[in-house]
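This is my_file.csv. It holds CSV, C-alpha atoms.
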```
chain,number,residue,atom,x,y,z
A,1,MET,CA,0.0,0.0,0.0
A,2,ILE,CA,1.2,3.5,-0.9
A,3,ALA,CA,-0.6,6.5,0.6
A,4,VAL,CA,-0.6,10.0,-0.8
A,5,THR,CA,-1.9,13.2,0.8
A,6,GLY,CA,-2.5,16.7,-0.3
A,7,GLY,CA,-5.2,18.8,-1.8
A,8,GLY,CA,-7.2,22.0,-1.7
A,9,THR,CA,-5.9,23.6,-4.9
A,10,GLY,CA,-4.7,22.3,-8.3
A,11,GLY,CA,-1.1,22.9,-7.2
A,12,HIS,CA,-1.4,20.3,-4.5
A,13,ILE,CA,-3.9,18.0,-6.3
A,14,PHE,CA,-2.4,17.6,-9.8
A,15,PRO,CA,1.1,16.4,-8.7
A,16,ASN,CA,-0.6,13.7,-6.7
A,17,VAL,CA,-2.6,12.8,-9.8
A,18,ALA,CA,0.6,12.5,-11.8
A,19,VAL,CA,2.3,10.3,-9.2
A,20,ILE,CA,-0.7,8.0,-8.9
A,21,GLU,CA,-1.0,7.7,-12.7
A,22,GLU,CA,2.7,6.7,-12.8
A,23,LEU,CA,2.3,4.2,-10.1
A,24,GLN,CA,-0.8,2.7,-11.7
A,25,GLY,CA,1.1,2.5,-15.0
A,26,ARG,CA,3.7,0.3,-13.2
A,27,GLY,CA,0.9,-2.0,-11.9
A,28,VAL,CA,0.6,-0.6,-8.4
A,29,THR,CA,-3.1,-0.7,-7.5
A,30,ASP,CA,-3.0,-0.6,-3.7
A,31,ILE,CA,-3.1,3.2,-3.3
A,32,CYS,CA,-5.1,5.5,-1.0
A,33,TRP,CA,-5.5,9.3,-0.9
A,34,ILE,CA,-6.0,11.2,2.3
A,35,GLY,CA,-7.3,14.7,1.8
A,36,ASP,CA,-9.7,17.4,2.9
A,37,ARG,CA,-13.2,15.9,3.3
A,38,ARG,CA,-14.6,19.0,1.5
A,39,GLY,CA,-11.9,19.3,-1.1
A,40,LYS,CA,-11.8,18.9,-4.9
A,41,GLU,CA,-9.3,16.0,-4.4
A,42,THR,CA,-12.2,13.8,-3.6
A,43,GLU,CA,-13.4,13.9,-7.3
A,44,TRP,CA,-9.9,13.3,-8.6
A,45,ALA,CA,-9.2,10.3,-6.4
A,46,HIS,CA,-12.5,8.7,-7.4
A,47,GLY,CA,-11.7,9.4,-11.0
A,48,LEU,CA,-8.4,7.5,-10.6
A,49,GLY,CA,-10.2,4.6,-8.9
A,50,VAL,CA,-8.2,4.9,-5.6
A,51,ALA,CA,-9.6,4.9,-2.1
A,52,PHE,CA,-10.2,8.3,-0.7
A,53,TYR,CA,-10.3,9.2,3.0
A,54,GLY,CA,-11.5,12.7,4.0
A,55,ILE,CA,-10.2,14.3,7.2
A,56,ARG,CA,-10.6,17.6,9.1
A,57,THR,CA,-7.7,20.0,8.9
A,58,GLY,CA,-6.9,23.6,9.7
A,59,LYS,CA,-4.5,26.3,8.7
A,60,LEU,CA,-2.1,27.6,11.3
A,61,ARG,CA,-1.3,31.3,10.8
A,62,ARG,CA,1.8,33.2,11.7
A,63,TYR,CA,-0.3,36.0,13.1
A,64,PHE,CA,-2.9,36.2,16.0
A,65,SER,CA,-6.3,35.1,14.9
A,66,LEU,CA,-9.2,33.6,16.9
A,67,GLN,CA,-9.6,31.2,13.9
A,68,ASN,CA,-6.3,29.6,15.1
A,69,LEU,CA,-8.1,28.1,18.1
A,70,ALA,CA,-10.7,26.3,15.9
A,71,ASP,CA,-8.0,25.3,13.4
A,72,THR,CA,-5.9,23.8,16.2
A,73,VAL,CA,-8.8,21.7,17.2
A,74,ASN,CA,-9.4,20.6,13.6
A,75,LEU,CA,-5.7,19.8,13.3
A,76,LEU,CA,-5.8,17.5,16.3
A,77,ILE,CA,-8.9,15.8,15.1
A,78,GLY,CA,-7.2,15.4,11.7
A,79,ILE,CA,-4.2,13.7,13.3
A,80,ALA,CA,-6.5,11.3,15.1
A,81,GLN,CA,-8.4,10.5,11.9
A,82,SER,CA,-5.2,10.0,10.0
A,83,TYR,CA,-3.7,7.8,12.6
A,84,ARG,CA,-6.8,5.5,12.4
A,85,ILE,CA,-6.7,5.5,8.6
A,86,LEU,CA,-3.0,4.7,8.4
A,87,LYS,CA,-3.1,2.1,11.1
A,88,ASN,CA,-5.9,0.2,9.3
A,89,SER,CA,-4.5,0.6,5.8
A,90,LYS,CA,-0.9,-0.1,6.8
A,91,PRO,CA,0.9,1.8,3.9
A,92,ALA,CA,4.6,1.1,3.3
A,93,VAL,CA,5.2,4.8,2.6
A,94,LEU,CA,3.3,8.1,2.6
A,95,PHE,CA,3.8,10.7,-0.2
A,96,SER,CA,3.0,14.2,0.9
A,97,LYS,CA,2.4,16.9,-1.6
A,98,GLY,CA,2.2,19.6,1.0
A,99,GLY,CA,-0.4,22.1,2.1
A,100,PHE,CA,-2.1,22.0,5.5
A,101,VAL,CA,-4.2,19.0,4.7
A,102,SER,CA,-0.9,17.0,4.5
A,103,VAL,CA,0.2,17.9,8.0
A,104,PRO,CA,-2.1,15.6,10.0
A,105,PRO,CA,-1.4,12.5,7.9
A,106,ALA,CA,2.4,13.2,8.0
A,107,ILE,CA,2.4,13.6,11.8
A,108,ALA,CA,0.3,10.4,12.1
A,109,ALA,CA,2.7,8.5,9.8
A,110,ARG,CA,5.6,9.4,11.9
A,111,LEU,CA,3.8,8.2,15.0
A,112,LEU,CA,3.3,4.9,13.3
A,113,ARG,CA,6.9,4.8,11.9
A,114,VAL,CA,5.6,5.0,8.3
A,115,PRO,CA,8.3,6.7,6.2
A,116,VAL,CA,7.2,10.1,4.7
A,117,ILE,CA,8.4,11.5,1.3
A,118,THR,CA,7.4,15.1,0.8
A,119,HIS,CA,7.5,17.4,-2.2
A,120,GLU,CA,7.9,21.2,-2.3
A,121,SER,CA,6.9,23.0,-5.5
A,122,ASP,CA,7.9,26.5,-4.6
A,123,LEU,CA,11.3,28.1,-4.4
A,124,HIS,CA,10.9,28.6,-0.7
A,125,PRO,CA,8.9,26.2,1.6
A,126,GLY,CA,5.9,27.2,3.5
A,127,MET,CA,5.1,26.4,7.1
A,128,ALA,CA,3.3,23.1,6.3
A,129,THR,CA,6.3,21.8,4.3
A,130,LYS,CA,8.7,22.9,7.1
A,131,ILE,CA,6.7,20.9,9.6
A,132,ILE,CA,6.5,17.8,7.4
A,133,ALA,CA,10.1,18.0,6.2
A,134,SER,CA,11.5,18.1,9.7
A,135,ARG,CA,10.7,14.4,10.1
A,136,ALA,CA,10.5,13.3,6.5
A,137,ARG,CA,12.7,10.5,5.1
A,138,ALA,CA,13.4,12.6,2.0
A,139,ILE,CA,12.3,15.8,0.4
A,140,CYS,CA,11.7,16.3,-3.4
A,141,VAL,CA,11.9,19.8,-4.9
A,142,SER,CA,10.8,21.3,-8.2
A,143,PHE,CA,13.6,23.8,-8.4
A,144,GLU,CA,17.2,23.0,-7.7
A,145,LYS,CA,17.5,26.3,-5.8
A,146,ALA,CA,15.0,25.1,-3.3
A,147,ALA,CA,17.3,22.4,-2.0
A,148,ALA,CA,19.2,25.1,0.1
A,149,SER,CA,16.1,25.4,2.4
A,150,PHE,CA,16.6,21.8,3.6
A,151,GLU,CA,20.2,21.7,4.7
A,152,GLY,CA,21.2,18.4,6.3
A,153,LYS,CA,18.2,16.5,4.8
A,154,GLU,CA,18.1,14.0,2.0
A,155,VAL,CA,16.9,16.1,-0.9
A,156,TYR,CA,16.1,15.1,-4.5
A,157,TYR,CA,15.8,17.6,-7.4
A,158,THR,CA,13.0,15.9,-9.2
A,159,GLY,CA,11.0,18.7,-10.8
A,160,ASN,CA,7.3,18.9,-10.4
A,161,PRO,CA,5.1,15.9,-11.3
A,162,MET,CA,3.1,16.4,-14.5
A,163,ARG,CA,-0.2,14.8,-15.4
A,164,ALA,CA,-0.3,12.6,-18.4
A,165,THR,CA,-2.7,15.0,-20.1
A,166,ILE,CA,0.0,17.7,-19.9
A,167,ARG,CA,2.8,15.5,-21.0
A,168,SER,CA,0.9,14.3,-24.0
A,169,ALA,CA,-0.3,17.8,-25.0
A,170,ASN,CA,-1.0,18.3,-28.7
A,171,ARG,CA,-1.2,21.8,-30.4
A,172,GLU,CA,-3.5,20.8,-33.2
A,173,ARG,CA,-5.8,18.8,-31.0
A,174,GLY,CA,-6.1,21.9,-28.8
A,175,ARG,CA,-6.9,24.2,-31.7
A,176,ARG,CA,-9.7,21.8,-32.8
A,177,PHE,CA,-11.1,21.8,-29.2
A,178,LEU,CA,-11.2,25.6,-29.1
A,179,HIS,CA,-12.7,25.9,-32.5
A,180,PHE,CA,-11.6,29.4,-33.3
A,181,THR,CA,-12.7,30.5,-36.7
A,182,GLU,CA,-9.9,33.0,-37.3
A,183,ASP,CA,-6.2,32.2,-37.6
A,184,LEU,CA,-5.0,34.6,-34.9
A,185,PRO,CA,-2.6,34.1,-32.0
A,186,VAL,CA,-4.1,32.3,-29.0
A,187,VAL,CA,-3.8,33.8,-25.6
A,188,THR,CA,-4.9,31.7,-22.6
A,189,VAL,CA,-5.8,33.1,-19.1
A,190,LEU,CA,-5.5,30.7,-16.2
A,191,GLY,CA,-7.2,32.0,-13.1
A,192,GLY,CA,-6.2,28.9,-11.2
A,193,SER,CA,-8.4,26.0,-10.4
A,194,LEU,CA,-10.4,28.2,-8.0
A,195,GLY,CA,-10.4,31.3,-10.1
A,196,ALA,CA,-8.7,34.7,-9.5
A,197,SER,CA,-11.0,37.7,-9.0
A,198,SER,CA,-8.6,40.5,-10.0
A,199,LEU,CA,-7.3,38.6,-13.0
A,200,ASN,CA,-10.9,37.8,-14.1
A,201,GLY,CA,-11.9,41.4,-13.6
A,202,ALA,CA,-9.0,42.6,-15.9
A,203,VAL,CA,-10.0,40.2,-18.6
A,204,PHE,CA,-13.7,41.3,-18.5
A,205,GLU,CA,-12.5,45.0,-18.7
A,206,MET,CA,-10.4,44.1,-21.7
A,207,LEU,CA,-13.3,42.5,-23.4
A,208,GLU,CA,-15.5,45.6,-22.9
A,209,GLU,CA,-13.1,47.5,-25.2
A,210,GLY,CA,-14.5,45.6,-28.2
A,211,GLU,CA,-13.2,43.1,-30.7
A,212,LEU,CA,-9.9,41.5,-29.6
A,213,PRO,CA,-6.9,41.4,-32.0
A,214,PHE,CA,-6.2,37.8,-30.9
A,215,ASN,CA,-8.1,34.7,-29.8
A,216,LEU,CA,-8.6,34.5,-26.0
A,217,VAL,CA,-9.2,31.5,-23.8
A,218,HIS,CA,-10.3,32.2,-20.3
A,219,GLN,CA,-10.4,29.7,-17.4
A,220,CYS,CA,-12.2,31.8,-14.8
A,221,GLY,CA,-13.0,29.3,-12.0
A,222,GLN,CA,-16.1,27.8,-10.7
A,223,GLY,CA,-18.9,30.3,-10.3
A,224,HIS,CA,-17.1,33.1,-12.0
A,225,THR,CA,-18.4,32.9,-15.5
A,226,ARG,CA,-20.1,36.0,-17.0
A,227,ARG,CA,-22.1,36.6,-20.1
A,228,ILE,CA,-20.0,38.5,-22.6
A,229,GLU,CA,-21.8,40.6,-25.3
A,230,SER,CA,-18.7,41.8,-27.2
A,231,GLY,CA,-15.8,40.0,-28.8
A,232,HIS,CA,-17.4,36.6,-28.3
A,233,GLY,CA,-16.2,35.2,-31.7
A,234,ARG,CA,-12.6,35.4,-30.5
A,235,TYR,CA,-13.4,34.5,-26.8
A,236,ARG,CA,-13.8,31.1,-25.1
A,237,GLN,CA,-14.9,31.1,-21.5
A,238,TYR,CA,-14.6,28.0,-19.2
A,239,GLU,CA,-15.1,27.5,-15.5
A,240,PHE,CA,-12.4,24.8,-15.5
A,241,ILE,CA,-10.6,22.9,-18.2
A,242,ALA,CA,-9.8,19.4,-17.1
A,243,ASP,CA,-8.7,16.7,-19.6
A,244,GLU,CA,-8.1,19.2,-22.4
A,245,MET,CA,-5.9,21.5,-20.4
A,246,GLY,CA,-2.6,20.2,-21.9
A,247,ASP,CA,-3.9,20.6,-25.5
A,248,VAL,CA,-5.2,24.1,-24.7
A,249,LEU,CA,-1.8,25.1,-23.3
A,250,ALA,CA,0.0,23.6,-26.3
A,251,ALA,CA,-2.3,25.5,-28.6
A,252,SER,CA,-1.5,28.8,-26.9
A,253,ASP,CA,1.1,31.4,-28.0
A,254,LEU,CA,1.0,33.2,-24.7
A,255,ILE,CA,-0.2,32.4,-21.2
A,256,ILE,CA,-1.5,34.8,-18.6
A,257,SER,CA,-1.5,33.2,-15.1
A,258,ARG,CA,-1.0,33.5,-11.4
A,259,ALA,CA,2.4,32.3,-10.3
A,260,GLY,CA,1.7,29.1,-8.5
A,261,ALA,CA,4.5,26.7,-9.1
A,262,GLY,CA,2.3,24.0,-10.5
A,263,ALA,CA,0.8,26.2,-13.2
A,264,MET,CA,4.3,27.7,-14.0
A,265,TYR,CA,5.8,24.2,-14.3
A,266,GLU,CA,3.1,23.2,-16.8
A,267,ILE,CA,3.7,26.4,-18.8
A,268,GLY,CA,7.4,25.9,-18.7
A,269,CYS,CA,7.5,22.2,-19.6
A,270,LEU,CA,5.5,23.1,-22.7
A,271,GLY,CA,7.9,26.0,-23.5
A,272,ILE,CA,5.3,28.7,-23.6
A,273,PRO,CA,6.0,32.4,-22.8
A,274,SER,CA,3.9,33.9,-20.0
A,275,ILE,CA,2.7,37.0,-18.3
A,276,LEU,CA,2.5,36.3,-14.5
A,277,ILE,CA,0.4,38.1,-12.0
A,278,PRO,CA,1.5,36.7,-8.6
A,279,LEU,CA,-0.7,36.9,-5.6
A,280,PRO,CA,0.3,39.9,-3.4
A,281,ARG,CA,1.8,39.5,0.0
A,282,SER,CA,-1.5,40.7,1.5
A,283,LYS,CA,-3.1,37.4,0.3
A,284,SER,CA,-0.1,35.0,0.5
A,285,ARG,CA,3.2,34.4,2.2
A,286,GLY,CA,4.9,35.8,-1.0
A,287,GLU,CA,5.8,32.5,-2.6
A,288,GLN,CA,4.2,33.5,-5.9
A,289,ILE,CA,6.2,36.7,-6.1
A,290,ASP,CA,9.4,34.7,-5.6
A,291,ASN,CA,8.3,32.2,-8.3
A,292,ALA,CA,7.4,34.9,-10.8
A,293,ARG,CA,10.6,36.8,-10.2
A,294,PHE,CA,12.6,33.7,-10.8
A,295,PHE,CA,11.0,33.2,-14.2
A,296,GLN,CA,11.3,36.9,-15.1
A,297,GLU,CA,15.0,37.1,-14.1
A,298,ASN,CA,15.7,34.1,-16.4
A,299,GLY,CA,13.9,35.7,-19.3
A,300,ALA,CA,10.9,33.3,-19.2
A,301,ALA,CA,8.1,35.6,-18.3
A,302,ARG,CA,6.9,39.2,-17.7
A,303,ILE,CA,5.4,40.3,-14.4
A,304,ILE,CA,2.4,42.6,-13.8
A,305,GLU,CA,1.8,43.3,-10.1
A,306,ASP,CA,-1.7,42.5,-8.9
A,307,GLY,CA,-2.2,46.0,-7.5
A,308,GLN,CA,-1.4,47.6,-10.9
A,309,LEU,CA,-3.5,45.1,-12.9
A,310,SER,CA,-6.2,46.6,-15.3
A,311,GLY,CA,-7.8,45.6,-18.5
A,312,ARG,CA,-5.9,48.2,-20.4
A,313,LEU,CA,-2.5,47.4,-19.0
A,314,LEU,CA,-3.1,43.7,-19.6
A,315,ALA,CA,-4.1,44.3,-23.3
A,316,GLU,CA,-1.1,46.5,-23.8
A,317,ALA,CA,1.3,43.9,-22.4
A,318,VAL,CA,-0.3,41.1,-24.5
A,319,SER,CA,-0.1,43.3,-27.7
A,320,ASP,CA,3.6,44.2,-27.0
A,321,LEU,CA,4.6,40.6,-26.7
A,322,LEU,CA,2.6,39.2,-29.6
A,323,ALA,CA,4.2,41.9,-31.8
A,324,ASP,CA,7.7,40.4,-31.2
A,325,ALA,CA,7.8,36.7,-32.3
A,326,ASN,CA,11.5,36.4,-31.7
A,327,LEU,CA,11.1,37.5,-28.1
A,328,LEU,CA,8.2,35.1,-27.5
A,329,GLY,CA,10.3,32.3,-28.9
A,330,LYS,CA,13.2,33.1,-26.6
A,331,MET,CA,10.9,33.4,-23.6
A,332,GLY,CA,9.4,30.0,-24.3
A,333,GLN,CA,12.8,28.4,-24.7
A,334,ASN,CA,14.0,29.9,-21.4
A,335,ALA,CA,10.9,28.7,-19.6
A,336,SER,CA,11.5,25.2,-20.9
A,337,LYS,CA,15.1,25.2,-19.5
A,338,LEU,CA,13.9,26.0,-16.0
A,339,CYS,CA,11.7,23.0,-15.7
A,340,LYS,CA,13.0,19.4,-15.2
A,341,ARG,CA,10.9,16.6,-16.8
A,342,ASN,CA,9.9,13.2,-15.5
A,343,ALA,CA,9.4,14.1,-11.9
A,344,GLU,CA,6.5,11.6,-11.6
A,345,ARG,CA,8.9,8.8,-12.6
A,346,GLU,CA,11.6,9.8,-10.2
A,347,ILE,CA,9.2,10.2,-7.3
A,348,ALA,CA,7.6,6.8,-8.1
A,349,ASP,CA,11.0,5.3,-8.1
A,350,ILE,CA,11.7,6.8,-4.6
A,351,LEU,CA,8.3,5.6,-3.2
A,352,MET,CA,8.8,2.1,-4.5
A,353,ARG,CA,12.3,1.9,-3.2
A,354,VAL,CA,11.4,3.3,0.3
A,355,GLY,CA,8.3,1.2,0.4
A,356,ALA,CA,9.8,-2.1,-0.7
A,357,PRO,CA,10.0,-4.8,1.9
A,358,SER,CA,13.4,-5.5,3.4
A,359,PRO,CA,15.0,-8.7,2.2
A,360,ALA,CA,14.7,-11.6,4.7
A,361,GLY,CA,17.5,-12.6,6.9
```

Whole structure, structure tokens version:
Amino acid sequence: MIAVTGGGTGGHIFPNVAVIEELQGRGVTDICWIGDRRGKETEWAHGLGVAFYGIRTGKLRRYFSLQNLADTVNLLIGIAQSYRILKNSKPAVLFSKGGFVSVPPAIAARLLRVPVITHESDLHPGMATKIIASRARAICVSFEKAAASFEGKEVYYTGNPMRATIRSANRERGRRFLHFTEDLPVVTVLGGSLGASSLNGAVFEMLEEGELPFNLVHQCGQGHTRRIESGHGRYRQYEFIADEMGDVLAASDLIISRAGAGAMYEIGCLGIPSILIPLPRSKSRGEQIDNARFFQENGAARIIEDGQLSGRLLAEAVSDLLADANLLGKMGQNASKLCKRNAEREIADILMRVGAPSPAG
């Protein structure tokens, strides 16, 4: 039995999907997923045909908040639930993708002496990863630079696990799916799996200016769709793109996205230039700002700060980049160089090696 944990957003869900797909491709069928009982990971686990166990969890904040008390209670309940799940399922190893839903299973695993392998997607680890990594058997990282945060630990530079639908992406298939009638550059906006209100707002402002000089794909997140009267012939709106996401990315000439490491890795592995709008520090610990700067400093992306974002500024940035094909090509090449492939294979190798039974005698 191999257990995985993580969830909440696509950045924590999709790498688990990729690792599970790789394990199943090797004939490993005894897999379970421990996640948030209310999270989207429930659907993905069921879609993969693996057992899913939902637990309670809570986010521990670095600042004073009354919510910390309730979340501490939820965390303790989650540890007890995870302990019971792991004791009954008896996994040989636990793979933790990080995020606060991963903390209770990782703590329970250590109490039961189940080895933990954890993965950090960002350049700098968050609190959850620091807690988990302190007792993990090994830590996998997406960016080589991140290894410096885990001095004295066993660290593997694996890259970020990629779903099969991303690895097998096809440009022509993506163009057919989008069914644009005009042969114009394709710009894709990724609001994240849960949407991004300021980014969505800028896109809607841009559309109000009239017909676009390019084709626009907009993943706006569940519950964030809006009826658009103008520019609809060159505009495709989706709450969420699932199986077709790889093809849509491959069909794109430019991506506009938040700067979560998972999305950036998908963009980079496909060699696509991007405009990144990282979450501000007022809404995050600053990891997206660090990720975006890393791409920009290496000539792979342009940054627009969230506080400056507007429809007009976004349209100008897109037009400037689309007007320079050579620059777009170089940005795509640079992005590709920053992202290591086959992480799901390397992580599966580690899990199977750590979880293999010791030879008798």

(request) Tell me which of A:Gly152, A:Gly159, A:Pro115, A:Gly98 sits closest to Leu86 in chain A, counting only C-alpha atoms. (result)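 Looking only at the distances to Leu86 in chain A, the closest residue turns out to be A:Pro115.
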
(message) Using all atoms listed in the file for the distances, tell me which of A:Gly268, A:Pro15, A:Gly126, A:Gly35 is nearest to Ser284 in chain A.
(response) A:Gly126

(message) Report, in Å with one decimal, the straight-line distance from CA of Pro280 in chain A to CA of Ala300 in chain A.
(response) 20.1 Å

(message) Here is a test: counting all atoms listed in the file, which residue of A:Ser197, A:Thr72, A:Asn334, A:Gln222 is nearest to Leu279 in chain A?
(response) A:Ser197

(request) Tell me which protein, DNA and RNA residues are within 7 Å of Tyr53 in chain A, counting only C-alpha atoms, leaving out same-chain ones fewer than 2 positions away, and put them as a ChimeraX atom specification. (result) /A:33-35,51,55

Go ahead and save the residues from that selection, with C-alpha atoms, as a PDB file, in the frame of the given file.
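Output saved as again-v3.pdb:
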```
ATOM      1  CA  TRP A  33      -5.500   9.300  -0.900  1.00  0.00           C
ATOM      2  CA  ILE A  34      -6.000  11.200   2.300  1.00  0.00           C
ATOM      3  CA  GLY A  35      -7.300  14.700   1.800  1.00  0.00           C
ATOM      4  CA  ALA A  51      -9.600   4.900  -2.100  1.00  0.00           C
ATOM      5  CA  ILE A  55     -10.200  14.300   7.200  1.00  0.00           C
TER       6      ILE A  55
END
```

Up to 10 Å from (13.7, 33.2, -7.4) in the file's coordinates: name the residues, counting all atoms listed in the file, as a CSV table (one decimal) with C-alpha atoms, in the coordinates of the input.
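Okay, this is what ended up in selection.csv:
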```csv
chain,number,residue,atom,x,y,z
A,122,ASP,CA,7.9,26.5,-4.6
A,123,LEU,CA,11.3,28.1,-4.4
A,124,HIS,CA,10.9,28.6,-0.7
A,143,PHE,CA,13.6,23.8,-8.4
A,145,LYS,CA,17.5,26.3,-5.8
A,146,ALA,CA,15.0,25.1,-3.3
A,287,GLU,CA,5.8,32.5,-2.6
A,288,GLN,CA,4.2,33.5,-5.9
A,289,ILE,CA,6.2,36.7,-6.1
A,290,ASP,CA,9.4,34.7,-5.6
A,291,ASN,CA,8.3,32.2,-8.3
A,292,ALA,CA,7.4,34.9,-10.8
A,293,ARG,CA,10.6,36.8,-10.2
A,294,PHE,CA,12.6,33.7,-10.8
A,295,PHE,CA,11.0,33.2,-14.2
A,296,GLN,CA,11.3,36.9,-15.1
A,297,GLU,CA,15.0,37.1,-14.1
A,298,ASN,CA,15.7,34.1,-16.4
```

(request) Kindly give the distance, in Å, that separates CA of Arg37 in chain A and CA of Arg56 in chain A, rounded to a single decimal. (result)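 Answer for the CA of Arg37 in chain A to CA of Arg56 in chain A separation: 6.6 Å.
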
Around (-7.6, 24.3, -23.5) in the file's own coordinates, what residues are found within 8 Å if you use all atoms listed in the file, given back as a short mmCIF file (atom, residue, chain, number, x, y, z; two decimals) with C-alpha atoms, in the frame of the given file?
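Saved the output as out_33.cif:
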```cif
data_model
loop_
_atom_site.label_atom_id
_atom_site.label_comp_id
_atom_site.auth_asym_id
_atom_site.auth_seq_id
_atom_site.Cartn_x
_atom_site.Cartn_y
_atom_site.Cartn_z
CA GLY A 174 -6.10 21.90 -28.80
CA PHE A 177 -11.10 21.80 -29.20
CA LEU A 178 -11.20 25.60 -29.10
CA THR A 188 -4.90 31.70 -22.60
CA VAL A 217 -9.20 31.50 -23.80
CA ILE A 241 -10.60 22.90 -18.20
CA GLU A 244 -8.10 19.20 -22.40
CA MET A 245 -5.90 21.50 -20.40
CA GLY A 246 -2.60 20.20 -21.90
CA ASP A 247 -3.90 20.60 -25.50
CA VAL A 248 -5.20 24.10 -24.70
CA LEU A 249 -1.80 25.10 -23.30
CA ALA A 251 -2.30 25.50 -28.60
#
```

(message) Show me, as a ChimeraX atom specification, the residues that have an atom within 7 Å of Glu41 in chain A when counting only C-alpha atoms, minus same-chain residues fewer than 3 positions from it.
(response) /A:7-8,13,35,44-45

(request) Would you mind reading off the distance between CA of Phe52 in chain A and CA of Cys32 in chain A, one decimal, in Å? (result) 5.8 Å

(message) Ranking A:Ala147, A:Gly49, A:Met162, A:Gly262 by minimum distance to Arg345 in chain A and counting only C-alpha atoms, which one comes first?
(response) A:Met162

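If all atoms listed in the file are the atoms counted, then among A:Gly11, A:Gly39, A:Gly329, A:Pro104 the closest residue to Asn160 in chain A is A:Gly11.
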
Neighbours of Glu22 in chain A within 12 Å (only C-alpha atoms; same-chain residues fewer than 2 positions away dropped), as a PDB file with C-alpha atoms, in the coordinates of the input?
```
ATOM      1  CA  PRO A  15       1.100  16.400  -8.700  1.00  0.00           C
ATOM      2  CA  ASN A  16      -0.600  13.700  -6.700  1.00  0.00           C
ATOM      3  CA  VAL A  17      -2.600  12.800  -9.800  1.00  0.00           C
ATOM      4  CA  ALA A  18       0.600  12.500 -11.800  1.00  0.00           C
ATOM      5  CA  VAL A  19       2.300  10.300  -9.200  1.00  0.00           C
ATOM      6  CA  ILE A  20      -0.700   8.000  -8.900  1.00  0.00           C
ATOM      7  CA  GLN A  24      -0.800   2.700 -11.700  1.00  0.00           C
ATOM      8  CA  GLY A  25       1.100   2.500 -15.000  1.00  0.00           C
ATOM      9  CA  ARG A  26       3.700   0.300 -13.200  1.00  0.00           C
ATOM     10  CA  GLY A  27       0.900  -2.000 -11.900  1.00  0.00           C
ATOM     11  CA  VAL A  28       0.600  -0.600  -8.400  1.00  0.00           C
ATOM     12  CA  THR A  29      -3.100  -0.700  -7.500  1.00  0.00           C
ATOM     13  CA  ILE A  31      -3.100   3.200  -3.300  1.00  0.00           C
ATOM     14  CA  LEU A  48      -8.400   7.500 -10.600  1.00  0.00           C
ATOM     15  CA  PRO A 161       5.100  15.900 -11.300  1.00  0.00           C
ATOM     16  CA  MET A 162       3.100  16.400 -14.500  1.00  0.00           C
ATOM     17  CA  ARG A 163      -0.200  14.800 -15.400  1.00  0.00           C
ATOM     18  CA  ALA A 164      -0.300  12.600 -18.400  1.00  0.00           C
ATOM     19  CA  ASN A 342       9.900  13.200 -15.500  1.00  0.00           C
ATOM     20  CA  ALA A 343       9.400  14.100 -11.900  1.00  0.00           C
ATOM     21  CA  GLU A 344       6.500  11.600 -11.600  1.00  0.00           C
ATOM     22  CA  ARG A 345       8.900   8.800 -12.600  1.00  0.00           C
ATOM     23  CA  GLU A 346      11.600   9.800 -10.200  1.00  0.00           C
ATOM     24  CA  ILE A 347       9.200  10.200  -7.300  1.00  0.00           C
ATOM     25  CA  ALA A 348       7.600   6.800  -8.100  1.00  0.00           C
ATOM     26  CA  ASP A 349      11.000   5.300  -8.100  1.00  0.00           C
ATOM     27  CA  LEU A 351       8.300   5.600  -3.200  1.00  0.00           C
ATOM     28  CA  MET A 352       8.800   2.100  -4.500  1.00  0.00           C
TER      29      MET A 352
END
```

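The residue that comes closest to Ala106 in chain A, out of A:Pro125, A:Gly355, A:Gly78, A:Gly58 and on the basis of only C-alpha atoms, is A:Gly78.
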